[in-house]
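Structure below is start21.pdb: PDB, C-alpha atoms.
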```pdb
ATOM      1  CA  MET A   9      55.497 -76.441-117.732
ATOM      2  CA  PRO A  10      54.002 -79.084-115.423
ATOM      3  CA  ILE A  11      52.926 -78.477-111.854
ATOM      4  CA  SER A  12      55.211 -79.978-109.192
ATOM      5  CA  PRO A  13      56.258 -82.724-108.543
ATOM      6  CA  ALA A  14      56.376 -83.513-112.272
ATOM      7  CA  GLY A  15      59.268 -81.765-113.997
ATOM      8  CA  VAL A  16      60.014 -81.578-117.702
ATOM      9  CA  GLU A  17      63.366 -81.563-119.487
ATOM     10  CA  ILE A  18      63.627 -78.380-121.518
ATOM     11  CA  ALA A  19      67.260 -78.613-122.679
ATOM     12  CA  ALA A  20      70.291 -80.893-122.732
ATOM     13  CA  ALA A  21      74.046 -80.354-123.041
ATOM     14  CA  SER A  22      77.056 -82.676-123.254
ATOM     15  CA  VAL A  23      80.760 -82.288-122.607
ATOM     16  CA  PHE A  24      83.687 -84.732-123.062
ATOM     17  CA  LEU A  25      86.415 -84.864-120.406
ATOM     18  CA  ASN A  26      89.233 -86.645-122.233
ATOM     19  CA  PRO A  27      90.923 -89.284-120.020
ATOM     20  CA  ALA A  28      94.038 -89.071-122.254
ATOM     21  CA  ASN A  29      94.543 -85.429-121.258
ATOM     22  CA  PRO A  30      96.384 -85.225-117.890
ATOM     23  CA  ALA A  31      94.700 -81.878-117.117
ATOM     24  CA  ALA A  32      91.273 -83.516-117.439
ATOM     25  CA  VAL A  33      91.673 -85.234-114.060
ATOM     26  CA  ASN A  34      91.005 -81.897-112.338
ATOM     27  CA  ASN A  35      88.359 -80.676-114.757
ATOM     28  CA  ARG A  36      85.310 -78.876-113.599
ATOM     29  CA  VAL A  37      82.248 -78.359-115.743
ATOM     30  CA  GLU A  38      80.609 -74.960-115.618
ATOM     31  CA  LEU A  39      76.873 -75.160-116.305
ATOM     32  CA  GLN A  40      74.918 -72.064-117.235
ATOM     33  CA  ALA A  41      71.277 -71.639-118.180
ATOM     34  CA  SER A  42      69.021 -68.741-119.096
ATOM     35  CA  ILE A  43      65.303 -69.469-119.306
ATOM     36  CA  GLY A  44      62.612 -67.063-120.473
ATOM     37  CA  LEU A  45      59.236 -67.810-118.835
ATOM     38  CA  ARG A  46      55.673 -66.520-119.071
ATOM     39  CA  PHE A  47      53.034 -67.043-116.377
ATOM     40  CA  VAL A  48      49.249 -66.859-116.470
ATOM     41  CA  GLY A  49      47.836 -66.380-112.969
ATOM     42  CA  ALA A  50      48.545 -64.212-109.983
ATOM     43  CA  GLY A  51      50.226 -64.389-106.637
ATOM     44  CA  ASN A  52      53.623 -65.555-105.447
ATOM     45  CA  ILE A  53      54.818 -67.777-108.305
ATOM     46  CA  ARG A  54      57.493 -70.401-107.564
ATOM     47  CA  VAL A  55      59.631 -72.266-110.120
ATOM     48  CA  LEU A  56      62.065 -75.108-109.407
ATOM     49  CA  VAL A  57      65.060 -75.555-111.724
ATOM     50  CA  ARG A  58      67.062 -78.809-111.619
ATOM     51  CA  ILE A  59      70.167 -80.046-113.414
ATOM     52  CA  TRP A  60      70.828 -83.754-113.701
ATOM     53  CA  ARG A  61      73.949 -85.649-114.782
ATOM     54  CA  ALA A  62      73.590 -89.327-115.659
ATOM     55  CA  GLY A  63      70.155 -89.495-114.029
ATOM     56  CA  GLN A  64      71.347 -87.961-110.745
ATOM     57  CA  GLU A  65      70.365 -84.507-109.530
ATOM     58  CA  ILE A  66      73.455 -82.328-109.103
ATOM     59  CA  TYR A  67      71.754 -78.941-108.734
ATOM     60  CA  TYR A  68      68.401 -77.491-107.768
ATOM     61  CA  GLY A  69      67.317 -73.949-107.181
ATOM     62  CA  LEU A  70      63.981 -72.454-106.251
ATOM     63  CA  GLU A  71      63.013 -69.134-107.787
ATOM     64  CA  SER A  72      60.213 -67.608-105.720
ATOM     65  CA  ASN A  73      58.501 -64.297-105.055
ATOM     66  CA  ILE A  74      57.838 -63.898-108.761
ATOM     67  CA  PHE A  75      55.136 -61.302-109.285
ATOM     68  CA  ASP A  76      55.754 -60.579-112.979
ATOM     69  CA  ASN A  77      54.161 -62.479-115.877
ATOM     70  CA  ASN A  78      57.364 -62.469-117.968
ATOM     71  CA  ILE A  79      60.718 -63.269-116.390
ATOM     72  CA  MET A  80      64.201 -64.519-117.179
ATOM     73  CA  ILE A  81      65.817 -67.036-114.801
ATOM     74  CA  ASN A  82      69.613 -67.387-114.831
ATOM     75  CA  VAL A  83      71.391 -70.379-113.301
ATOM     76  CA  SER A  84      75.129 -70.962-112.894
ATOM     77  CA  THR A  85      76.867 -73.845-111.114
ATOM     78  CA  VAL A  86      80.057 -75.918-111.293
ATOM     79  CA  ASP A  87      80.134 -79.721-111.340
ATOM     80  CA  ALA A  88      83.121 -81.899-110.407
ATOM     81  CA  ALA A  89      82.377 -84.442-113.131
ATOM     82  CA  PRO A  90      84.070 -87.793-113.779
ATOM     83  CA  LEU A  91      86.100 -88.369-116.929
ATOM     84  CA  GLY A  92      84.425 -89.309-120.202
ATOM     85  CA  LEU A  93      81.269 -88.081-121.878
ATOM     86  CA  GLN A  94      78.912 -86.269-119.500
ATOM     87  CA  ASP A  95      75.306 -85.583-120.433
ATOM     88  CA  TYR A  96      73.341 -82.912-118.556
ATOM     89  CA  GLN A  97      69.597 -82.281-118.480
ATOM     90  CA  LEU A  98      67.925 -78.998-117.548
ATOM     91  CA  ILE A  99      64.585 -79.677-115.845
ATOM     92  CA  ILE A 100      61.964 -77.180-114.713
ATOM     93  CA  GLU A 101      58.691 -77.372-112.802
ATOM     94  CA  ASN A 102      56.006 -74.946-111.708
ATOM     95  CA  GLN A 103      55.297 -75.048-107.964
ATOM     96  CA  THR A 104      52.268 -72.749-107.995
ATOM     97  CA  PRO A 105      49.046 -74.726-108.613
ATOM     98  CA  ALA A 106      46.890 -71.683-109.497
ATOM     99  CA  THR A 107      49.104 -70.698-112.446
ATOM    100  CA  THR A 108      50.029 -71.878-115.911
ATOM    101  CA  ALA A 109      53.648 -71.452-116.989
ATOM    102  CA  PHE A 110      55.285 -71.536-120.408
ATOM    103  CA  VAL A 111      58.905 -71.560-121.546
ATOM    104  CA  THR A 112      58.855 -68.733-124.081
ATOM    105  CA  GLY A 113      62.581 -68.230-124.557
ATOM    106  CA  PRO A 114      65.189 -67.353-125.014
ATOM    107  CA  LEU A 115      66.522 -70.683-123.752
ATOM    108  CA  VAL A 116      70.269 -71.249-123.422
ATOM    109  CA  PHE A 117      71.974 -74.189-121.652
ATOM    110  CA  THR A 118      75.757 -74.669-121.841
ATOM    111  CA  ALA A 119      78.336 -77.039-120.345
ATOM    112  CA  THR A 120      81.969 -75.931-120.498
ATOM    113  CA  ALA A 121      84.931 -77.979-119.176
ATOM    114  CA  TYR A 122      87.771 -76.148-117.408
ATOM    115  CA  GLY A 123      91.081 -77.771-116.367
ATOM    116  CA  GLN A 124      92.968 -76.608-113.315
TER     117      GLN A 124
END
```

Would you mind writing the file out in structure tokens?
Amino acid sequence: MPISPAGVEIAAASVFLNPANPAAVNNRVELQASIGLRFVGAGNIRVLVRIWRAGQEIYYGLESNIFDNNIMINVSTVDAAPLGLQDYQLIIENQTPATTAFVTGPLVFTATAYGQ
């Protein structure tokens, strides 16, 4: 995992919001991710997780005060997405220069559409 400010895409997900379905107008997309990480180094480790849709950042979260070498990060958010095919990218970056970080898994990234 690169040191900030360079992030790396570690997963992608897509969902189709059908314009022909009247309920799709109010759809929300629930995005969930679970990321298993391993760190080499010591101290207060910080990891930034981002989710992009169509090249635009729609979510970011900073996980800090990590003092364990093996962790699992869980992310959950809801996007008010436009109709049509939506592609999402899960991006991660290490914000602690004195450490090396690896995505060891498990790695899960889902996008689920819900009508209202």

I'd like the neighbourhood of Ile100 (chain A) as an NGL selection string, where a residue qualifies if any of its atoms comes within 7 Å (using only C-alpha atoms), though same-chain residues fewer than 3 positions away should be ignored.
:A and (15-17 or 56-58)

A:Ala89, A:Val48, A:Ala19, A:Pro13 ranked by distance to Val33 (chain A), top pick (using only C-alpha atoms)
A:Ala89

Starting from the displayed file, determine the output of the PyMOL selection byres ((chain A and resi 96) around 9) and express the residue list as a PyMOL selection string.
chain A and resi 19-23+39+59-63+94-95+97-98+119

Counting only C-alpha atoms, which residues have an atom no more than 6 Å from (53.9, -71.8, -120.7) in the file's coordinates? Please list them as a PDB file with C-alpha atoms, in the frame of the given file.
```pdb
ATOM      1  CA  MET A   9      55.497 -76.441-117.732  1.00  0.00           C
ATOM      2  CA  ARG A  46      55.673 -66.520-119.071  1.00  0.00           C
ATOM      3  CA  ALA A 109      53.648 -71.452-116.989  1.00  0.00           C
ATOM      4  CA  PHE A 110      55.285 -71.536-120.408  1.00  0.00           C
ATOM      5  CA  VAL A 111      58.905 -71.560-121.546  1.00  0.00           C
TER       6      VAL A 111
END
```

A straight line from CA of Arg36 (chain A) to CA of Ala88 (chain A) spans 4.9 Å

Proximity to Asp76 (chain A) - best of A:Gln40, A:Asn52, A:Asn102, A:Thr118, only C-alpha atoms:
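The closest residue to Asp76 (chain A) is A:Asn52.
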
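Minimum atom-to-atom distances from A:Ser42, A:Ser84, A:Asn26, A:Asn35 to Val116 (chain A) were compared using all atoms listed in the file, and the lowest value belongs to A:Ser42.
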
Just the residues within 8 Å of Arg54 (chain A), please, counting only C-alpha atoms, with nothing from its chain fewer than 6 positions along; format it as a count of residues only.
8

So what do you get for CA of Asn34 (chain A) versus CA of Gly69 (chain A), distance-wise?
25.5 Å

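The spacing separating CA of Val55 (chain A) from CA of Val37 (chain A) amounts to 24.1 Å.
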
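Around the point (65.3, -65.0, -116.7), within 10 Å and counting only C-alpha atoms, we find these residues: Ala41, Ser42, Ile43, Gly44, Leu45, Asn78, Ile79, Met80, Ile81, Asn82, Val83, Gly113, Pro114 and Leu115 of chain A.
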
So which one's closest to Leu93 (chain A), A:Phe75, A:Phe47, A:Tyr68, A:Phe24? Using only C-alpha atoms, please.
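Closest residue, counting only C-alpha atoms: A:Phe24.
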
Neighbouring residues of Leu25 (chain A) were defined as those with any atom within 6 Å, considering all atoms listed in the file; residues of the same chain fewer than 2 positions away were excluded. Please report them as a PyMOL selection string.
chain A and resi 32+91-92

Could you give me the axis-aligned bounding box of region 77-87 of chain A, with 8 Å of padding per side, as centre plus edge lengths in Å to one decimal, as AutoDock Vina command-line options?
```
--center_x 67.1 --center_y -71.1 --center_z -114.5 --size_x 42.0 --size_y 33.3 --size_z 22.9
```
